[in-house]
Amino acid sequence: IYYFSISALCHASLLEEAFSKGVQVLSMLGEDLPQIRTHDEKIGHLNETTSKLSCLSDDELLTYKMMSDPSKIMAMKFLWRLQVSLLMGKPSFIPHVTLKMIHMSLVHGMSAMYAIGFVYFGSILASIGDIKDGY
């Protein structure tokens with residue numbers, strides 16, 4: 001019911017409320033967004049994630065274990081929904097959600113929503129000038 005509630009808030013352009021409710025639900029699922037306060041912290045988190053991903057080949061990522069924990073799968077769905085609301089309402093928070101999606105995928109396995117996280121991650125890297133790794 002929370003998922004549909006957040007979707008309805010997004011469709012009603014109540015993006016701040018959708019974001020707040022999404023963060024609340026994520027916390028209930030045991031998943032909190034990373035705290036990124038400065039540009040340097042954001043770059044640090046991006047570099048750390050890029051480093052973790054660089055250890056995996058494309059084939060390893062494509063055949064990575066699948067996420068099986070229902071609460072983690074639901075958290076990924078909420079993170080995906082948050083990406084949509086953030087795009088219009090709070091774009092500065094997109095890296096928080098993106099990094100969480102990547103982290104959860106690497107720790108708990110891939111899910112149907114992991115591709116969204118990787119697409120946003122690539123676009124964030126490209127936006128800060130790292131076109132090669134962003135691709």
# chains A, B, ... in the order shown; residues from 1 in each chain; ligands from 1
>>> residues_around(residues="Ile6 of chain A", least_positions_apart="2", cutoff="10 Å", atoms="only C-alpha atoms", output="list of chain:residue names")
A:Ile1, A:Tyr2, A:Tyr3, A:Phe4, A:Ala8, A:Leu9, A:Cys10, A:His11, A:Ala12, A:Leu14, A:Leu15, A:Glu17, A:Ala18, A:Phe19, A:Ser20, A:Lys21, A:Gly22, A:Val25, A:Phe78, A:Arg81, A:Leu82, A:Ser85
>>> select_by_dssp(residues="segment 6-129 of chain A", states="helix (DSSP H, G or I)", output="VMD selection string")
chain A and resid 6 to 11 15 to 28 39 to 54 58 to 62 70 to 89 91 to 108 114 to 127
>>> residues_around(residues="Leu53 of chain A", least_positions_apart="3", cutoff="12 Å", atoms="only C-alpha atoms", output="list in words")
Leu46, Asn47, Glu48, Thr49, Thr50, Leu56, Ser57, Asp58, Glu60, Leu61, Tyr64, Leu99, Ile102, His103, Ser105, Leu106, Val107, Phe118, Phe121, Gly122, Asp133 and Gly134 of chain A
>>> atom_distance(atom1="atom CA of Met113 of chain A", atom2="atom CA of Ala126 of chain A")
20.8 Å
>>> closest_residue(among="A:Asp59, A:Asp32, A:Asp130, A:Lys42", to="Met101 of chain A", atoms="only C-alpha atoms")
A:Asp32
>>> residues_around(residues="Tyr120 of chain A", least_positions_apart="3", cutoff="12 Å", atoms="only C-alpha atoms", output="count of residues only")
30
>>> closest_residue(among="A:Ile128, A:Leu26, A:Glu16, A:Met104", to="Met67 of chain A", atoms="only C-alpha atoms")
A:Met104
>>> atom_distance(atom1="atom CA of Glu41 of chain A", atom2="atom CA of Gln24 of chain A")
23.2 Å
>>> residues_around(residues="Asp69 of chain A", least_positions_apart="4", cutoff="9 Å", atoms="only C-alpha atoms", output="list in words")
Ile73, Met74 and His108 of chain A
>>> write_last_selection(atoms="C-alpha atoms", output="mmCIF file, in the first residue's frame")
data_model
loop_
_atom_site.group_PDB
_atom_site.id
_atom_site.type_symbol
_atom_site.label_atom_id
_atom_site.label_comp_id
_atom_site.auth_asym_id
_atom_site.auth_seq_id
_atom_site.Cartn_x
_atom_site.Cartn_y
_atom_site.Cartn_z
ATOM 1 C CA ILE A 73 13.524 -6.380 -3.456
ATOM 2 C CA MET A 74 10.794 -4.140 -2.042
ATOM 3 C CA HIS A 108 22.316 -8.538 -1.888
#
>>> closest_residue(among="A:Leu33, A:Met110, A:Val23, A:Val119", to="Met66 of chain A", atoms="only C-alpha atoms")
A:Met110
>>> atom_distance(atom1="atom CA of Lys77 of chain A", atom2="atom CA of Ala112 of chain A")
8.8 Å
